[in-house]
Protein chains: 2
Amino acid sequence: MVTNPETIASIGENEALRRTVSRLNGGDFTIVGSGDDSAVISTTDDRFVVTTDTMIEGHDFRLDWSNFFDLGFKAVATNVSDVAAMGAKPTSLVVAIAVPPTTLISSLEAFADGLTAACTQLAPGCAVVGGDLAASDTVFISVTAHGALEGRSPVLRSGAQPGDTVAVAGTLGRAAAGLALLESGNRDAVAAYDDFVAVQLRPTPPIAQGVAAAESNATAMLDVSDGLARDAARIAKASAVSIRLNRRDLQGFSAMVEEPAMAIGADAFEWVLTGGEDHALLATFAPGASLPRAFKPIGVVAEGEGVWLDDELLPEGGWDSVRGDR
Amino acid sequence: MVTNPETIASIGENEALRRTVSRLNGGDFTIVGSGDDSAVISTTDDRFVVTTDTMIEGHDFRLDWSNFFDLGFKAVATNVSDVAAMGAKPTSLVVAIAVPPTTLISSLEAFADGLTAACTQLAPGCAVVGGDLAASDTVFISVTAHGALEGRSPVLRSGAQPGDTVAVAGTLGRAAAGLALLESGNRDAVAAYDDFVAVQLRPTPPIAQGVAAAESNATAMLDVSDGLARDAARIAKASAVSIRLNRRDLQGFSAMVEEPAMAIGADAFEWVLTGGEDHALLATFAPGASLPRAFKPIGVVAEGEGVWLDDELLPEGGWDSVRGDR
């Protein structure tokens, strides 16, 4: 006997929403959860941190590369990373998703499972507290994430001072390796280096390190979403300083992606400098400060402007792969 | 000399975003605004209220009916209404919008002006504090709104008690009239009753009445987004009570939409019972409570279940226009 698989259209949006919500975790900060006009969230002090990000089919993901679990996981990971980059603890998310009515209910359930898995794994205590399910021709996901500062000052991009240590927590270049592997169409390489593909599809940013950095009095911080070179330039600009990166300190990162780079003829060091989707945390710390263990020093803050790799000023638009190869 | 109008593609997303953000208001609760990884918002106590809603071209709006100013205005209005319905004061919004790259920058600026106008007019002190601009084939808008409870308890849907007064602030049926006028294709009627069309395109919910109701110890509240009958049923179900509406008390509302109803051969009373997009606030108050002046009594809470119009039980799925016409 063949049963038609259930779609959102066949069971209706209300039932689809009910089944999805039932797969979400509770959350330690939820005073009133979904089901009323709004949710009510505990803040631990009298402020909260908020960020939003959007993922659109064909622009930000491809359904032949990502499944719905991946999408849910990544949607949470990328947003709580922006919360962590303020030195805050993620507390809650609201998630809007629009999908074609023909979407299988099992896909929506997998999406919810991905949301829950990412909360549980990356930001324990944080939960999806509200959302919206709508119909559209292509898949559209919009997430807003909130965090608690627990009495700390937010760590902005603008606080870096000359003499500060520049340090990074998390990985660099792995997500870029994963994307390049997928784009290569080389199935053997994709299978051989599926760990890197996994970082691209389901990034695991070092969320707890955001609070750790704030507690170590990080002077500036952001999450590396557009590549080390471009995001370091954002701190440099906001703080009116220059960032001096040491190539030697970055070679440990590029060694980690050397194998897949060789497999598809790519430049491992370029991935490290320009690959952003690992969502590492890039922070600056006062000279002599004791860095949280997960942060690895990669350079120093200096007077001036721009981002330098040893004595070379990196171009503003990011890493130039032609020059970088020299 | 003819100049090509600027599009998002021609000036780039960064410049488009910069121009849009420059048209937003500041906000009384914004500690850190847009430009960092997250915004930081003041809560006035140790909780915040959050809600999210999505508007999708072709499903929730048509660009031949709504301009971008309208879309910005409505996106704010519908979301701060859900904040108000908790008894909270709207403090901040984040807004994600995806548009085709060919969209005129002037359209995006008009969208920002609509956001700002709605904040200023409906929820003074509230502001857009962050957002996201992305490319997509159709227009997609996702808004998350936040509010402060200022020490009050949130007003849920579940607190109505038998004997409570049922009351409504705002208008009923006007937005439905506006939609019916647009759908009629009757241009003369649309022009003659453009006030009603305006309520559909740019609703002006009674936001401040949410706090007023909470201060008068409203026992339950929601915003009427799917029609009085359906939304009253939500309070009835959540509170395990029945809601008894008095037809006589609703006739003042239907008198206000009688003229456009006659112009296009529609049922004014049906608009009042089933038209939701005015975003009126529906609340219940303890017997003998002094209602805020904007709230008009329309019925009582009783034992039992369901929503009744005088002695007639309304069908669960909402108002049945065939039965209603008898």
# chains A, B, ... in the order shown; residues from 1 in each chain; ligands from 1
>>> closest_atom_pairs(of="chain A", to="chain B", cutoff="8 Å", atoms="only C-alpha atoms", output="JSON lines")
{"residue": "A:Asp36", "atom": "CA", "partner": "B:Arg157", "partner_atom": "CA", "distance": 6.5}
{"residue": "A:Asp37", "atom": "CA", "partner": "B:Asp82", "partner_atom": "CA", "distance": 5.1}
{"residue": "A:Ser38", "atom": "CA", "partner": "B:Thr51", "partner_atom": "CA", "distance": 4.6}
{"residue": "A:Ala39", "atom": "CA", "partner": "B:Val50", "partner_atom": "CA", "distance": 5.3}
{"residue": "A:Val40", "atom": "CA", "partner": "B:Val49", "partner_atom": "CA", "distance": 4.5}
{"residue": "A:Ile41", "atom": "CA", "partner": "B:Phe48", "partner_atom": "CA", "distance": 5.3}
{"residue": "A:Ser42", "atom": "CA", "partner": "B:Arg47", "partner_atom": "CA", "distance": 4.4}
{"residue": "A:Thr43", "atom": "CA", "partner": "B:Asp46", "partner_atom": "CA", "distance": 5.1}
{"residue": "A:Thr44", "atom": "CA", "partner": "B:Asp46", "partner_atom": "CA", "distance": 5.8}
{"residue": "A:Asp45", "atom": "CA", "partner": "B:Asp46", "partner_atom": "CA", "distance": 5.3}
{"residue": "A:Asp46", "atom": "CA", "partner": "B:Asp46", "partner_atom": "CA", "distance": 5.0}
{"residue": "A:Arg47", "atom": "CA", "partner": "B:Ser42", "partner_atom": "CA", "distance": 4.4}
{"residue": "A:Phe48", "atom": "CA", "partner": "B:Ile41", "partner_atom": "CA", "distance": 5.3}
{"residue": "A:Val49", "atom": "CA", "partner": "B:Val40", "partner_atom": "CA", "distance": 4.5}
{"residue": "A:Val50", "atom": "CA", "partner": "B:Ala39", "partner_atom": "CA", "distance": 5.2}
{"residue": "A:Thr51", "atom": "CA", "partner": "B:Ser38", "partner_atom": "CA", "distance": 4.6}
{"residue": "A:Thr52", "atom": "CA", "partner": "B:Gly131", "partner_atom": "CA", "distance": 6.0}
{"residue": "A:Asp53", "atom": "CA", "partner": "B:Asp132", "partner_atom": "CA", "distance": 6.0}
{"residue": "A:Thr54", "atom": "CA", "partner": "B:Asp132", "partner_atom": "CA", "distance": 6.8}
{"residue": "A:Ile56", "atom": "CA", "partner": "B:Ser136", "partner_atom": "CA", "distance": 7.1}
{"residue": "A:His59", "atom": "CA", "partner": "B:Ala135", "partner_atom": "CA", "distance": 7.4}
{"residue": "A:Asp82", "atom": "CA", "partner": "B:Asp37", "partner_atom": "CA", "distance": 5.1}
{"residue": "A:Val83", "atom": "CA", "partner": "B:Ser38", "partner_atom": "CA", "distance": 6.2}
{"residue": "A:Ala85", "atom": "CA", "partner": "B:Asp37", "partner_atom": "CA", "distance": 6.5}
{"residue": "A:Met86", "atom": "CA", "partner": "B:Asp37", "partner_atom": "CA", "distance": 6.7}
{"residue": "A:Val94", "atom": "CA", "partner": "B:Thr52", "partner_atom": "CA", "distance": 6.7}
{"residue": "A:Val95", "atom": "CA", "partner": "B:Thr52", "partner_atom": "CA", "distance": 7.7}
{"residue": "A:Ala96", "atom": "CA", "partner": "B:Thr54", "partner_atom": "CA", "distance": 6.9}
{"residue": "A:Gly130", "atom": "CA", "partner": "B:Thr51", "partner_atom": "CA", "distance": 6.7}
{"residue": "A:Gly131", "atom": "CA", "partner": "B:Thr52", "partner_atom": "CA", "distance": 6.0}
{"residue": "A:Asp132", "atom": "CA", "partner": "B:Asp53", "partner_atom": "CA", "distance": 6.0}
{"residue": "A:Ala134", "atom": "CA", "partner": "B:Thr54", "partner_atom": "CA", "distance": 7.4}
{"residue": "A:Ala135", "atom": "CA", "partner": "B:His59", "partner_atom": "CA", "distance": 7.4}
{"residue": "A:Ser136", "atom": "CA", "partner": "B:Ile56", "partner_atom": "CA", "distance": 7.1}
{"residue": "A:Ser142", "atom": "CA", "partner": "B:Ser142", "partner_atom": "CA", "distance": 6.7}
{"residue": "A:Thr144", "atom": "CA", "partner": "B:Thr144", "partner_atom": "CA", "distance": 7.0}
{"residue": "A:Pro154", "atom": "CA", "partner": "B:Val40", "partner_atom": "CA", "distance": 7.8}
{"residue": "A:Leu156", "atom": "CA", "partner": "B:Asp36", "partner_atom": "CA", "distance": 6.5}
{"residue": "A:Arg157", "atom": "CA", "partner": "B:Asp36", "partner_atom": "CA", "distance": 6.5}
{"residue": "A:Leu222", "atom": "CA", "partner": "B:Asp37", "partner_atom": "CA", "distance": 6.3}
{"residue": "A:Asp223", "atom": "CA", "partner": "B:Asp37", "partner_atom": "CA", "distance": 7.4}
>>> write_last_selection(atoms="C-alpha atoms", output="compact mmCIF listing (two decimals), in the first residue's frame")
# COMPACT_ATOMS: atom_id res chain seq x y z
CA ASP A 36 -0.22 34.13 22.55
CA ASP A 37 0.14 37.42 20.64
CA SER A 38 3.77 37.64 21.77
CA ALA A 39 6.26 35.71 23.86
CA VAL A 40 7.73 37.09 27.08
CA ILE A 41 11.44 36.55 27.76
CA SER A 42 13.59 37.05 30.84
CA THR A 43 16.58 39.35 30.38
CA THR A 44 18.61 38.94 33.63
CA ASP A 45 19.13 42.73 33.64
CA ASP A 46 17.30 45.68 32.09
CA ARG A 47 18.59 45.29 28.54
CA PHE A 48 18.52 42.73 25.77
CA VAL A 49 20.56 42.14 22.66
CA VAL A 50 18.84 41.56 19.31
CA THR A 51 19.96 40.66 15.79
CA THR A 52 18.25 39.41 12.66
CA ASP A 53 19.32 37.56 9.55
CA THR A 54 17.68 36.14 6.47
CA ILE A 56 16.85 32.84 0.90
CA HIS A 59 20.83 33.19 -2.81
CA ASP A 82 25.86 37.60 16.32
CA VAL A 83 24.48 37.59 19.86
CA ALA A 85 29.75 38.60 19.41
CA MET A 86 28.23 41.26 21.70
CA VAL A 94 11.83 33.85 16.74
CA VAL A 95 11.80 32.13 13.37
CA ALA A 96 9.75 32.91 10.29
CA GLY A 130 7.72 32.22 18.48
CA GLY A 131 7.51 32.23 14.77
CA ASP A 132 5.54 32.34 11.62
CA ALA A 134 3.78 31.17 5.52
CA ALA A 135 3.42 30.07 1.91
CA SER A 136 5.75 31.25 -0.83
CA SER A 142 14.15 34.89 8.73
CA THR A 144 15.74 37.08 15.07
CA PRO A 154 28.16 44.97 25.33
CA LEU A 156 31.20 46.64 20.34
CA ARG A 157 33.35 46.78 17.21
CA LEU A 222 32.54 40.55 16.00
CA ASP A 223 31.74 37.26 14.39
>>> select_by_dssp(residues="range 71-248 of chain B", states="alpha helix (DSSP H)", output="PyMOL selection string")
chain B and resi 71-84+105-122+174-184+187-192+194-201+208-215+228-239+247-248
>>> decode(residues="range 103-141 of chain B", atoms="N, CA and C atoms", output="PDB file, in the first residue's frame")
ATOM      1  N   THR B 103      14.640  46.648  -7.947  1.00  0.00           N
ATOM      2  CA  THR B 103      13.808  47.569  -7.178  1.00  0.00           C
ATOM      3  C   THR B 103      14.464  48.947  -7.100  1.00  0.00           C
ATOM      4  N   LEU B 104      13.671  49.987  -7.306  1.00  0.00           N
ATOM      5  CA  LEU B 104      14.189  51.348  -7.230  1.00  0.00           C
ATOM      6  C   LEU B 104      14.603  51.667  -5.796  1.00  0.00           C
ATOM      7  N   ILE B 105      15.711  52.380  -5.677  1.00  0.00           N
ATOM      8  CA  ILE B 105      16.143  52.799  -4.343  1.00  0.00           C
ATOM      9  C   ILE B 105      15.076  53.713  -3.724  1.00  0.00           C
ATOM     10  N   SER B 106      14.379  54.445  -4.550  1.00  0.00           N
ATOM     11  CA  SER B 106      13.313  55.316  -4.011  1.00  0.00           C
ATOM     12  C   SER B 106      12.205  54.484  -3.366  1.00  0.00           C
ATOM     13  N   SER B 107      11.982  53.263  -3.869  1.00  0.00           N
ATOM     14  CA  SER B 107      10.988  52.386  -3.239  1.00  0.00           C
ATOM     15  C   SER B 107      11.453  51.959  -1.860  1.00  0.00           C
ATOM     16  N   LEU B 108      12.729  51.629  -1.765  1.00  0.00           N
ATOM     17  CA  LEU B 108      13.267  51.208  -0.473  1.00  0.00           C
ATOM     18  C   LEU B 108      13.238  52.376   0.517  1.00  0.00           C
ATOM     19  N   GLU B 109      13.525  53.569   0.024  1.00  0.00           N
ATOM     20  CA  GLU B 109      13.453  54.754   0.886  1.00  0.00           C
ATOM     21  C   GLU B 109      12.018  54.992   1.346  1.00  0.00           C
ATOM     22  N   ALA B 110      11.059  54.788   0.443  1.00  0.00           N
ATOM     23  CA  ALA B 110       9.650  54.946   0.822  1.00  0.00           C
ATOM     24  C   ALA B 110       9.260  53.913   1.868  1.00  0.00           C
ATOM     25  N   PHE B 111       9.788  52.698   1.731  1.00  0.00           N
ATOM     26  CA  PHE B 111       9.543  51.657   2.737  1.00  0.00           C
ATOM     27  C   PHE B 111      10.052  52.121   4.104  1.00  0.00           C
ATOM     28  N   ALA B 112      11.271  52.655   4.124  1.00  0.00           N
ATOM     29  CA  ALA B 112      11.837  53.154   5.392  1.00  0.00           C
ATOM     30  C   ALA B 112      10.990  54.296   5.941  1.00  0.00           C
ATOM     31  N   ASP B 113      10.517  55.177   5.063  1.00  0.00           N
ATOM     32  CA  ASP B 113       9.658  56.280   5.514  1.00  0.00           C
ATOM     33  C   ASP B 113       8.363  55.740   6.117  1.00  0.00           C
ATOM     34  N   GLY B 114       7.839  54.661   5.537  1.00  0.00           N
ATOM     35  CA  GLY B 114       6.633  54.047   6.086  1.00  0.00           C
ATOM     36  C   GLY B 114       6.874  53.445   7.462  1.00  0.00           C
ATOM     37  N   LEU B 115       8.036  52.809   7.626  1.00  0.00           N
ATOM     38  CA  LEU B 115       8.406  52.275   8.940  1.00  0.00           C
ATOM     39  C   LEU B 115       8.455  53.405   9.974  1.00  0.00           C
ATOM     40  N   THR B 116       9.146  54.471   9.592  1.00  0.00           N
ATOM     41  CA  THR B 116       9.327  55.592  10.517  1.00  0.00           C
ATOM     42  C   THR B 116       7.992  56.264  10.841  1.00  0.00           C
ATOM     43  N   ALA B 117       7.166  56.461   9.811  1.00  0.00           N
ATOM     44  CA  ALA B 117       5.873  57.127  10.031  1.00  0.00           C
ATOM     45  C   ALA B 117       5.013  56.313  10.984  1.00  0.00           C
ATOM     46  N   ALA B 118       5.008  55.007  10.816  1.00  0.00           N
ATOM     47  CA  ALA B 118       4.181  54.164  11.688  1.00  0.00           C
ATOM     48  C   ALA B 118       4.702  54.189  13.120  1.00  0.00           C
ATOM     49  N   CYS B 119       6.023  54.137  13.290  1.00  0.00           N
ATOM     50  CA  CYS B 119       6.580  54.234  14.643  1.00  0.00           C
ATOM     51  C   CYS B 119       6.168  55.560  15.272  1.00  0.00           C
ATOM     52  N   THR B 120       6.371  56.637  14.555  1.00  0.00           N
ATOM     53  CA  THR B 120       6.098  57.973  15.087  1.00  0.00           C
ATOM     54  C   THR B 120       4.627  58.144  15.435  1.00  0.00           C
ATOM     55  N   GLN B 121       3.761  57.667  14.524  1.00  0.00           N
ATOM     56  CA  GLN B 121       2.323  57.886  14.706  1.00  0.00           C
ATOM     57  C   GLN B 121       1.700  56.913  15.700  1.00  0.00           C
ATOM     58  N   LEU B 122       2.104  55.646  15.652  1.00  0.00           N
ATOM     59  CA  LEU B 122       1.405  54.621  16.434  1.00  0.00           C
ATOM     60  C   LEU B 122       2.114  54.296  17.751  1.00  0.00           C
ATOM     61  N   ALA B 123       3.443  54.369  17.745  1.00  0.00           N
ATOM     62  CA  ALA B 123       4.204  53.902  18.912  1.00  0.00           C
ATOM     63  C   ALA B 123       5.394  54.816  19.152  1.00  0.00           C
ATOM     64  N   PRO B 124       5.118  56.053  19.581  1.00  0.00           N
ATOM     65  CA  PRO B 124       6.223  57.012  19.771  1.00  0.00           C
ATOM     66  C   PRO B 124       7.275  56.453  20.720  1.00  0.00           C
ATOM     67  N   GLY B 125       8.545  56.652  20.383  1.00  0.00           N
ATOM     68  CA  GLY B 125       9.642  56.112  21.188  1.00  0.00           C
ATOM     69  C   GLY B 125      10.168  54.807  20.640  1.00  0.00           C
ATOM     70  N   CYS B 126       9.357  54.108  19.866  1.00  0.00           N
ATOM     71  CA  CYS B 126       9.747  52.833  19.247  1.00  0.00           C
ATOM     72  C   CYS B 126      10.486  53.109  17.942  1.00  0.00           C
ATOM     73  N   ALA B 127      11.470  52.280  17.635  1.00  0.00           N
ATOM     74  CA  ALA B 127      12.249  52.500  16.416  1.00  0.00           C
ATOM     75  C   ALA B 127      12.739  51.187  15.835  1.00  0.00           C
ATOM     76  N   VAL B 128      13.073  51.234  14.555  1.00  0.00           N
ATOM     77  CA  VAL B 128      13.730  50.101  13.903  1.00  0.00           C
ATOM     78  C   VAL B 128      15.207  50.153  14.280  1.00  0.00           C
ATOM     79  N   VAL B 129      15.698  49.092  14.923  1.00  0.00           N
ATOM     80  CA  VAL B 129      17.062  49.110  15.467  1.00  0.00           C
ATOM     81  C   VAL B 129      18.009  48.160  14.736  1.00  0.00           C
ATOM     82  N   GLY B 130      17.496  47.460  13.752  1.00  0.00           N
ATOM     83  CA  GLY B 130      18.352  46.554  13.011  1.00  0.00           C
ATOM     84  C   GLY B 130      17.567  45.931  11.889  1.00  0.00           C
ATOM     85  N   GLY B 131      18.279  45.284  10.993  1.00  0.00           N
ATOM     86  CA  GLY B 131      17.547  44.683   9.899  1.00  0.00           C
ATOM     87  C   GLY B 131      18.454  43.992   8.926  1.00  0.00           C
ATOM     88  N   ASP B 132      17.874  43.670   7.800  1.00  0.00           N
ATOM     89  CA  ASP B 132      18.590  42.903   6.814  1.00  0.00           C
ATOM     90  C   ASP B 132      17.973  43.237   5.455  1.00  0.00           C
ATOM     91  N   LEU B 133      18.844  43.463   4.469  1.00  0.00           N
ATOM     92  CA  LEU B 133      18.380  43.710   3.104  1.00  0.00           C
ATOM     93  C   LEU B 133      18.942  42.597   2.235  1.00  0.00           C
ATOM     94  N   ALA B 134      18.069  41.908   1.506  1.00  0.00           N
ATOM     95  CA  ALA B 134      18.522  40.783   0.701  1.00  0.00           C
ATOM     96  C   ALA B 134      17.846  40.831  -0.664  1.00  0.00           C
ATOM     97  N   ALA B 135      18.364  40.016  -1.560  1.00  0.00           N
ATOM     98  CA  ALA B 135      17.813  39.938  -2.905  1.00  0.00           C
ATOM     99  C   ALA B 135      16.923  38.708  -3.033  1.00  0.00           C
ATOM    100  N   SER B 136      15.790  38.856  -3.702  1.00  0.00           N
ATOM    101  CA  SER B 136      14.909  37.716  -3.952  1.00  0.00           C
ATOM    102  C   SER B 136      14.063  38.030  -5.176  1.00  0.00           C
ATOM    103  N   ASP B 137      13.338  37.053  -5.652  1.00  0.00           N
ATOM    104  CA  ASP B 137      12.528  37.269  -6.846  1.00  0.00           C
ATOM    105  C   ASP B 137      11.257  38.042  -6.531  1.00  0.00           C
ATOM    106  N   THR B 138      10.679  37.789  -5.352  1.00  0.00           N
ATOM    107  CA  THR B 138       9.484  38.518  -4.948  1.00  0.00           C
ATOM    108  C   THR B 138       9.771  39.245  -3.639  1.00  0.00           C
ATOM    109  N   VAL B 139       8.887  40.160  -3.296  1.00  0.00           N
ATOM    110  CA  VAL B 139       9.115  40.958  -2.086  1.00  0.00           C
ATOM    111  C   VAL B 139       8.689  40.163  -0.858  1.00  0.00           C
ATOM    112  N   PHE B 140       9.578  40.121   0.106  1.00  0.00           N
ATOM    113  CA  PHE B 140       9.365  39.384   1.341  1.00  0.00           C
ATOM    114  C   PHE B 140       9.754  40.299   2.493  1.00  0.00           C
ATOM    115  N   ILE B 141       8.865  40.446   3.449  1.00  0.00           N
ATOM    116  CA  ILE B 141       9.114  41.343   4.587  1.00  0.00           C
ATOM    117  C   ILE B 141       8.886  40.563   5.872  1.00  0.00           C
TER     118      ILE B 141
END
